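One file, structure00.txt, carrying compact mmCIF, C-alpha atoms:
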```txt
# COMPACT_ATOMS: atom_id res chain seq x y z
CA MET A 1 -16.67 13.25 6.62
CA THR A 2 -16.95 10.08 8.64
CA THR A 3 -19.22 7.13 8.09
CA THR A 4 -20.45 5.35 11.19
CA VAL A 5 -20.96 1.60 10.85
CA PRO A 6 -22.47 -0.96 13.23
CA ALA A 7 -19.57 -1.60 15.53
CA LEU A 8 -18.27 -1.38 19.05
CA GLY A 9 -19.06 1.13 21.71
CA THR A 10 -16.51 3.80 22.52
CA ARG A 11 -15.82 2.82 26.12
CA THR A 12 -12.18 3.27 27.05
CA ALA A 13 -10.71 0.17 28.65
CA GLU A 14 -10.38 0.65 32.40
CA GLY A 15 -6.88 1.07 33.73
CA SER A 16 -5.48 2.09 30.35
CA ALA A 17 -4.54 5.52 29.02
CA LEU A 18 -5.12 4.21 25.50
CA GLN A 19 -8.36 5.79 24.28
CA ALA A 20 -8.52 4.65 20.66
CA VAL A 21 -6.66 2.89 17.86
CA LEU A 22 -6.63 4.44 14.38
CA LEU A 23 -5.51 2.25 11.49
CA ASP A 24 -4.44 2.94 7.94
CA MET A 25 -5.76 0.53 5.30
CA ASP A 26 -3.56 -0.08 2.22
CA GLY A 27 -0.29 -1.74 3.17
CA THR A 28 -1.22 -1.75 6.86
CA LEU A 29 -4.27 -4.00 7.14
CA VAL A 30 -4.52 -5.24 3.56
CA ASP A 31 -1.60 -6.12 1.31
CA THR A 32 -2.61 -3.76 -1.49
CA GLU A 33 0.14 -1.16 -1.88
CA GLY A 34 1.55 -3.26 -4.71
CA PHE A 35 -1.88 -3.34 -6.34
CA TRP A 36 -1.89 0.44 -6.76
CA TRP A 37 1.55 0.44 -8.37
CA ASP A 38 0.67 -2.43 -10.69
CA VAL A 39 -2.47 -0.60 -11.83
CA GLU A 40 -0.52 2.61 -12.38
CA VAL A 41 2.09 0.76 -14.44
CA GLU A 42 -0.59 -0.90 -16.58
CA ILE A 43 -2.51 2.31 -17.24
CA PHE A 44 0.55 4.30 -18.24
CA ARG A 45 1.75 1.44 -20.43
CA THR A 46 -1.49 1.74 -22.42
CA LEU A 47 -0.77 5.46 -22.70
CA GLY A 48 2.66 4.71 -24.15
CA HIS A 49 4.76 5.41 -21.06
CA THR A 50 6.96 3.28 -18.80
CA LEU A 51 7.02 4.19 -15.13
CA ASP A 52 10.37 4.38 -13.39
CA ASP A 53 10.36 1.96 -10.46
CA SER A 54 11.99 4.62 -8.25
CA TRP A 55 8.77 6.65 -8.50
CA ARG A 56 7.01 4.02 -6.44
CA HIS A 57 8.47 5.52 -3.27
CA VAL A 58 7.19 8.94 -4.32
CA VAL A 59 3.56 7.93 -4.88
CA VAL A 60 3.11 5.36 -2.11
CA GLY A 61 0.82 6.30 0.75
CA GLY A 62 -0.23 9.64 -0.62
CA PRO A 63 -3.60 10.98 -1.74
CA MET A 64 -4.58 9.94 -5.24
CA THR A 65 -4.54 13.51 -6.53
CA ARG A 66 -0.91 13.89 -5.51
CA SER A 67 0.20 10.49 -6.80
CA ALA A 68 -1.69 10.74 -10.07
CA GLY A 69 -0.61 14.33 -10.60
CA PHE A 70 3.02 13.41 -10.10
CA LEU A 71 2.85 10.57 -12.62
CA ILE A 72 1.15 12.74 -15.24
CA GLU A 73 3.80 15.44 -14.82
CA ALA A 74 6.68 12.95 -14.74
CA THR A 75 5.60 11.14 -17.91
CA GLY A 76 3.92 13.93 -19.82
CA ALA A 77 1.00 11.57 -20.50
CA ASP A 78 -1.96 12.97 -22.41
CA ILE A 79 -4.60 12.40 -19.72
CA THR A 80 -6.36 14.62 -17.22
CA LEU A 81 -6.23 14.12 -13.46
CA GLY A 82 -9.94 13.34 -13.39
CA GLU A 83 -9.67 10.74 -16.16
CA LEU A 84 -6.70 9.07 -14.50
CA THR A 85 -8.43 8.96 -11.10
CA VAL A 86 -11.37 7.05 -12.59
CA LEU A 87 -9.06 4.57 -14.30
CA LEU A 88 -7.04 4.03 -11.12
CA ASN A 89 -10.09 3.37 -8.96
CA ASP A 90 -11.60 1.05 -11.58
CA GLY A 91 -8.35 -0.88 -11.94
CA PHE A 92 -7.88 -1.19 -8.19
CA GLU A 93 -11.42 -2.41 -7.64
CA ASP A 94 -10.85 -5.08 -10.27
CA ARG A 95 -7.73 -6.22 -8.41
CA ILE A 96 -9.34 -6.46 -4.99
CA ASP A 97 -12.37 -8.24 -6.44
CA ARG A 98 -9.98 -10.99 -7.53
CA ALA A 99 -8.03 -11.16 -4.25
CA LEU A 100 -7.73 -9.15 -1.05
CA PRO A 101 -4.89 -10.52 1.07
CA LEU A 102 -4.67 -9.36 4.67
CA MET A 103 -1.36 -8.35 6.17
CA PRO A 104 0.03 -10.90 8.67
CA GLY A 105 -1.44 -10.27 12.10
CA ALA A 106 -4.23 -7.97 10.87
CA ALA A 107 -7.18 -10.30 11.52
CA ARG A 108 -5.90 -11.25 14.97
CA LEU A 109 -5.30 -7.60 15.98
CA LEU A 110 -8.75 -6.45 14.84
CA ALA A 111 -10.39 -9.31 16.70
CA GLU A 112 -8.44 -8.51 19.86
CA LEU A 113 -9.37 -4.81 19.76
CA ALA A 114 -13.02 -5.77 19.24
CA ALA A 115 -12.98 -8.29 22.08
CA HIS A 116 -11.72 -5.62 24.49
CA GLU A 117 -14.05 -2.91 23.12
CA ILE A 118 -11.24 -0.59 22.13
CA PRO A 119 -12.65 2.25 19.96
CA THR A 120 -11.17 1.73 16.50
CA ALA A 121 -11.26 3.75 13.27
CA LEU A 122 -10.08 3.13 9.74
CA VAL A 123 -8.31 6.20 8.32
CA SER A 124 -7.31 5.99 4.66
CA ALA A 125 -6.25 8.26 1.81
CA SER A 126 -8.20 5.98 -0.52
CA HIS A 127 -11.57 7.14 -1.81
CA ARG A 128 -14.84 6.12 -0.17
CA ARG A 129 -15.76 3.75 -3.02
CA ILE A 130 -12.52 1.84 -2.39
CA ILE A 131 -12.84 1.81 1.41
CA ASP A 132 -16.37 0.44 1.28
CA ARG A 133 -15.31 -2.30 -1.14
CA VAL A 134 -12.42 -3.33 1.13
CA LEU A 135 -14.58 -3.14 4.27
CA ALA A 136 -16.94 -5.72 2.85
CA SER A 137 -14.11 -8.25 3.12
CA LEU A 138 -12.17 -6.78 6.03
CA GLY A 139 -15.20 -6.55 8.30
CA PRO A 140 -17.07 -3.26 8.93
CA GLN A 141 -17.99 -4.47 12.41
CA TYR A 142 -14.43 -3.84 13.56
CA PHE A 143 -14.61 -0.09 13.06
CA ALA A 144 -16.70 2.49 14.91
CA LEU A 145 -16.06 4.91 12.05
CA THR A 146 -14.09 5.29 8.85
CA VAL A 147 -12.49 8.32 7.19
CA ALA A 148 -11.85 8.40 3.43
CA GLY A 149 -9.39 10.57 1.56
CA ASP A 150 -12.06 12.19 -0.60
CA GLU A 151 -14.13 13.19 2.44
CA VAL A 152 -11.66 15.63 3.97
CA GLU A 153 -10.43 18.90 2.51
CA ARG A 154 -6.84 17.93 3.29
CA THR A 155 -5.86 14.30 3.50
CA LYS A 156 -2.54 12.73 4.46
CA PRO A 157 0.17 14.00 5.05
CA PHE A 158 -1.96 16.68 6.75
CA PRO A 159 -3.28 15.81 10.23
CA ASP A 160 -6.93 16.42 9.36
CA PRO A 161 -8.01 12.75 8.84
CA TYR A 162 -6.57 11.63 12.17
CA LEU A 163 -7.90 14.64 14.05
CA LEU A 164 -11.33 13.93 12.59
CA ALA A 165 -11.16 10.26 13.56
CA ALA A 166 -10.03 11.01 17.13
CA SER A 167 -12.78 13.59 17.53
CA GLY A 168 -15.37 11.18 16.16
CA LEU A 169 -14.36 8.59 18.76
CA GLY A 170 -14.30 11.15 21.56
CA ALA A 171 -10.59 10.57 22.10
CA GLU A 172 -7.62 12.86 22.68
CA PRO A 173 -5.12 12.54 19.80
CA ALA A 174 -2.29 12.15 22.32
CA ARG A 175 -4.07 9.07 23.69
CA CYS A 176 -4.55 7.48 20.28
CA ALA A 177 -2.28 4.87 18.77
CA VAL A 178 -2.01 5.11 15.00
CA ILE A 179 -0.74 2.22 12.88
CA GLU A 180 0.71 3.24 9.50
CA ASP A 181 2.95 1.79 6.80
CA THR A 182 4.21 4.87 4.89
CA ALA A 183 6.08 8.07 5.68
CA THR A 184 3.12 10.08 4.41
CA GLY A 185 0.74 8.44 6.85
CA VAL A 186 3.24 8.68 9.69
CA ALA A 187 3.62 12.42 9.04
CA ALA A 188 -0.15 12.88 9.20
CA ALA A 189 -0.51 10.98 12.46
CA GLU A 190 2.41 12.73 14.12
CA ALA A 191 1.15 16.13 13.02
CA ALA A 192 -2.13 15.23 14.73
CA GLY A 193 -0.24 14.51 17.95
CA CYS A 194 -0.78 10.76 18.01
CA HIS A 195 1.67 8.03 18.97
CA VAL A 196 2.61 6.08 15.86
CA VAL A 197 3.41 2.46 15.23
CA ALA A 198 5.07 2.22 11.82
CA VAL A 199 5.00 -1.06 9.93
CA PRO A 200 6.95 -0.12 6.76
CA SER A 201 5.61 -1.70 3.57
CA VAL A 202 7.49 -0.19 0.61
CA ALA A 203 10.08 2.25 1.98
CA PRO A 204 11.99 2.17 5.29
CA ILE A 205 10.82 4.33 8.20
CA ALA A 206 13.18 5.25 11.02
CA PRO A 207 12.19 5.23 14.72
CA ALA A 208 11.67 8.63 16.35
CA VAL A 209 10.12 10.27 19.39
CA ARG A 210 6.53 8.98 19.77
CA ARG A 211 7.18 6.61 16.85
CA THR A 212 7.81 2.89 17.23
CA VAL A 213 8.84 0.83 14.22
CA VAL A 214 8.02 -2.87 13.93
CA THR A 215 8.43 -5.33 11.09
CA SER A 216 4.94 -6.84 11.19
CA LEU A 217 1.53 -6.47 12.82
CA GLU A 218 2.27 -9.82 14.39
CA GLU A 219 4.42 -7.84 16.85
CA VAL A 220 1.48 -5.61 17.81
CA ASP A 221 -1.18 -6.52 20.36
CA LEU A 222 -3.24 -4.67 22.95
CA PRO A 223 -0.64 -4.81 25.76
CA PHE A 224 1.93 -3.45 23.28
CA LEU A 225 -0.34 -0.52 22.36
CA ARG A 226 -1.19 0.22 25.98
CA GLY A 227 2.50 0.18 26.75
CA LEU A 228 3.07 3.02 24.30
CA MET A 229 0.78 5.22 26.35
CA THR A 230 2.50 4.19 29.58
CA GLU A 231 5.85 5.25 28.13
CA MET A 232 4.46 8.75 27.59
CA ARG A 233 3.84 9.35 31.28
```

For the file at hand, write its structure as structure tokens.
Amino acid sequence: MTTTVPALGTRTAEGSALQAVLLDMDGTLVDTEGFWWDVEVEIFRTLGHTLDDSWRHVVVGGPMTRSAGFLIEATGADITLGELTVLLNDGFEDRIDRALPLMPGAARLLAELAAHEIPTALVSASHRRIIDRVLASLGPQYFALTVAGDEVERTKPFPDPYLLAASGLGAEPARCAVIEDTATGVAAAEAAGCHVVAVPSVAPIAPAVRRTVVTSLEEVDLPFLRGLMTEMR
């Protein structure tokens, strides 16, 4: 399910094959991947378990059901998936209420896309309650639509969220640029047929066909994204 918010039109910029830009949220636009891990560590500590730091690479970027399920199985903690999901969302909301740092270059990129009326969507594995809380600070006006992880039958790493976002913007997936920070998100975008810009946050991501890796959003602007489409011709 998508939620339309007051935002830009969906006119494709003239002279460009780029039809839309689809952005991940945690670790891509907002510096919150560490928040999730910190909350997970705290919750399991109260349950009498210590999380192995190597597990962070396993749970990053995935849907909450997968991440939470893995941690329950790995620790043997006496908690249900539903109970843990509530605790994780509550803990994360508490963190972002205290601080919500943007990734370097995020505010400038969103403003540039808005100024040039590039159709833009936020596509996250986080639940709707989390997305709406983050949007209040990030700026809902920058996104023509948003897709939450609990609104699709299959979220990342499946292509469904990105296919839904492209369809909602009236764009061809092959003419969409996706910006992601994790291997899980990259897999989803590539399975949807989009060109991916990877900005690794926790674990390294290697370049590949239709995948460009950068170190920061500060390296990404509209000419850069349009250039990705030109390279496809």

Exercise. Please, which residues are within 12 Å of (-11.6, 6.3, 0.8) by the file's coordinates, counting all atoms listed in the file, and could they come as a ChimeraX atom specification?
Worked result: /A:1-3,24-26,62-64,89,122-135,146-152,155-156,161

Seminar exercise, completed: Students should find that atom CA of Thr120 of chain A and atom CA of Leu22 of chain A are spaced 5.7 Å

For this session: To one decimal in Å, tell me the separation between atom CA of Leu225 of chain A and atom CA of Tyr142 of chain A.
Result: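 Value for the atom CA of Leu225 of chain A-atom CA of Tyr142 of chain A distance: 16.9 Å.
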
Exercise. Mind pulling up the distance from atom CA of Phe143 of chain A to atom CA of Leu169 of chain A?
Worked result: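 Separating atom CA of Leu169 of chain A from atom CA of Phe143 of chain A is a distance of 10.4 Å.
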
Problem set entry | Pick from A:Cys194, A:Thr32, A:Arg45, A:Leu138 nearest to Arg108 of chain A, counting only C-alpha atoms | A:Leu138

Problem set entry | Pick from A:Leu145, A:Ala171, A:Val186, A:Leu222 nearest to Pro159 of chain A, counting all atoms listed in the file | A:Val186

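Distances to Gly193 of chain A were evaluated for A:Ala74, A:Ala174, A:Leu228, A:Leu113 using only C-alpha atoms, and the minimum falls at A:Ala174.
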
Problem set entry | Residue neighbourhood segment 53-55 of chain A, 10 Å, only C-alpha atoms, exclusion window fewer than 6 positions, as a PyMOL selection string | chain A and resi 37+41+67+70-71+74

As a compact mmCIF listing (two decimals) with C-alpha atoms, in the frame of the given file, please: the residues near Pro101 of chain A (cut-off 8 Å, only C-alpha atoms, same-chain neighbours under 2 positions excluded).
```
# COMPACT_ATOMS: atom_id res chain seq x y z
CA VAL A 30 -4.52 -5.24 3.56
CA ASP A 31 -1.60 -6.12 1.31
CA THR A 32 -2.61 -3.76 -1.49
CA ALA A 99 -8.03 -11.16 -4.25
CA MET A 103 -1.36 -8.35 6.17
```

For this session: Can you work out which one of A:Gly76, A:Gly227, A:Pro173, A:Gly139 has the shortest atom-to-atom distance to Asp160 of chain A, counting only C-alpha atoms?
Result: A:Pro173

Exercise. What lies within 9 Å of Val202 of chain A using only C-alpha atoms, ignoring chain neighbours under 3 positions off, as a ChimeraX atom specification?
Worked result: /A:27,33-34,56-57,60,181-182

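For the set A:Ala136, A:Val220, A:Val86, A:Ala165, the residue with the smallest atom-to-atom gap to Leu100 of chain A is A:Ala136, counting only C-alpha atoms.
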
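Close contacts of Leu18 of chain A, defined as residues with an atom at most 7 Å away when counting only C-alpha atoms, with chain neighbours fewer than 5 positions off set aside, comprise Arg175, Cys176, Arg226 and Met229 of chain A.
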
Take the residues from that selection and put them in a file with C-alpha atoms, as a short mmCIF file (atom, residue, chain, number, x, y, z; two decimals), in the coordinates of the input.
```
data_model
loop_
_atom_site.label_atom_id
_atom_site.label_comp_id
_atom_site.auth_asym_id
_atom_site.auth_seq_id
_atom_site.Cartn_x
_atom_site.Cartn_y
_atom_site.Cartn_z
CA ARG A 175 -4.07 9.07 23.69
CA CYS A 176 -4.55 7.48 20.28
CA ARG A 226 -1.19 0.22 25.98
CA MET A 229 0.78 5.22 26.35
#
```

Because some atoms of segment 171-196 of chain A are absent here, can you restore N, CA, C and O atoms and send them as a short mmCIF file (atom, residue, chain, number, x, y, z; two decimals), in the coordinates of the input?
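Okay, this is what ended up in selection_17.cif:
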```
data_model
loop_
_atom_site.label_atom_id
_atom_site.label_comp_id
_atom_site.auth_asym_id
_atom_site.auth_seq_id
_atom_site.Cartn_x
_atom_site.Cartn_y
_atom_site.Cartn_z
N ALA A 171 -11.90 10.84 21.52
CA ALA A 171 -10.59 10.57 22.10
C ALA A 171 -9.64 11.75 21.91
O ALA A 171 -9.78 12.54 20.97
N GLU A 172 -8.68 11.87 22.83
CA GLU A 172 -7.62 12.86 22.68
C GLU A 172 -6.58 12.30 21.71
O GLU A 172 -6.17 11.14 21.86
N PRO A 173 -6.13 13.06 20.72
CA PRO A 173 -5.12 12.54 19.80
C PRO A 173 -3.89 11.98 20.50
O PRO A 173 -3.34 10.96 20.08
N ALA A 174 -3.48 12.61 21.59
CA ALA A 174 -2.29 12.15 22.32
C ALA A 174 -2.50 10.79 22.97
O ALA A 174 -1.54 10.14 23.37
N ARG A 175 -3.77 10.37 23.11
CA ARG A 175 -4.07 9.07 23.69
C ARG A 175 -4.54 8.07 22.64
O ARG A 175 -5.14 7.05 22.96
N CYS A 176 -4.22 8.39 21.38
CA CYS A 176 -4.55 7.48 20.28
C CYS A 176 -3.28 6.84 19.75
O CYS A 176 -2.25 7.50 19.60
N ALA A 177 -3.36 5.56 19.45
CA ALA A 177 -2.28 4.87 18.77
C ALA A 177 -2.66 4.73 17.31
O ALA A 177 -3.74 4.24 16.99
N VAL A 178 -1.78 5.20 16.43
CA VAL A 178 -2.01 5.11 15.00
C VAL A 178 -1.07 4.06 14.42
O VAL A 178 0.12 4.03 14.76
N ILE A 179 -1.58 3.22 13.54
CA ILE A 179 -0.74 2.22 12.88
C ILE A 179 -0.71 2.54 11.40
O ILE A 179 -1.74 2.60 10.73
N GLU A 180 0.50 2.78 10.87
CA GLU A 180 0.71 3.24 9.50
C GLU A 180 1.86 2.49 8.85
O GLU A 180 2.73 1.95 9.54
N ASP A 181 1.88 2.50 7.51
CA ASP A 181 2.95 1.79 6.80
C ASP A 181 3.82 2.69 5.93
O ASP A 181 4.82 2.24 5.39
N THR A 182 3.44 3.97 5.77
CA THR A 182 4.21 4.87 4.89
C THR A 182 4.60 6.14 5.63
O THR A 182 3.98 6.54 6.62
N ALA A 183 5.62 6.81 5.09
CA ALA A 183 6.08 8.07 5.68
C ALA A 183 5.00 9.14 5.61
O ALA A 183 4.88 9.97 6.51
N THR A 184 4.21 9.11 4.55
CA THR A 184 3.12 10.08 4.41
C THR A 184 2.10 9.92 5.52
O THR A 184 1.67 10.89 6.15
N GLY A 185 1.70 8.70 5.78
CA GLY A 185 0.74 8.44 6.85
C GLY A 185 1.31 8.74 8.22
O GLY A 185 0.62 9.28 9.09
N VAL A 186 2.57 8.39 8.42
CA VAL A 186 3.24 8.68 9.69
C VAL A 186 3.26 10.19 9.94
O VAL A 186 2.99 10.66 11.04
N ALA A 187 3.57 10.96 8.90
CA ALA A 187 3.62 12.42 9.04
C ALA A 187 2.25 12.97 9.45
O ALA A 187 2.16 13.87 10.29
N ALA A 188 1.19 12.42 8.86
CA ALA A 188 -0.15 12.88 9.20
C ALA A 188 -0.49 12.59 10.65
O ALA A 188 -1.02 13.45 11.37
N ALA A 189 -0.19 11.37 11.09
CA ALA A 189 -0.51 10.98 12.46
C ALA A 189 0.30 11.77 13.48
O ALA A 189 -0.23 12.18 14.51
N GLU A 190 1.57 11.98 13.18
CA GLU A 190 2.41 12.73 14.12
C GLU A 190 2.01 14.19 14.17
O GLU A 190 2.06 14.82 15.23
N ALA A 191 1.60 14.75 13.03
CA ALA A 191 1.15 16.13 13.02
C ALA A 191 -0.13 16.29 13.84
O ALA A 191 -0.41 17.37 14.38
N ALA A 192 -0.91 15.20 13.93
CA ALA A 192 -2.13 15.23 14.73
C ALA A 192 -1.85 15.06 16.22
O ALA A 192 -2.74 15.25 17.05
N GLY A 193 -0.61 14.68 16.55
CA GLY A 193 -0.24 14.51 17.95
C GLY A 193 -0.43 13.10 18.48
O GLY A 193 -0.44 12.90 19.70
N CYS A 194 -0.58 12.14 17.59
CA CYS A 194 -0.78 10.76 18.01
C CYS A 194 0.54 10.02 18.17
O CYS A 194 1.57 10.43 17.61
N HIS A 195 0.51 8.92 18.91
CA HIS A 195 1.67 8.03 18.97
C HIS A 195 1.56 7.06 17.81
O HIS A 195 0.49 6.50 17.56
N VAL A 196 2.65 6.85 17.09
CA VAL A 196 2.61 6.08 15.86
C VAL A 196 3.36 4.77 15.98
O VAL A 196 4.48 4.72 16.50
#
```
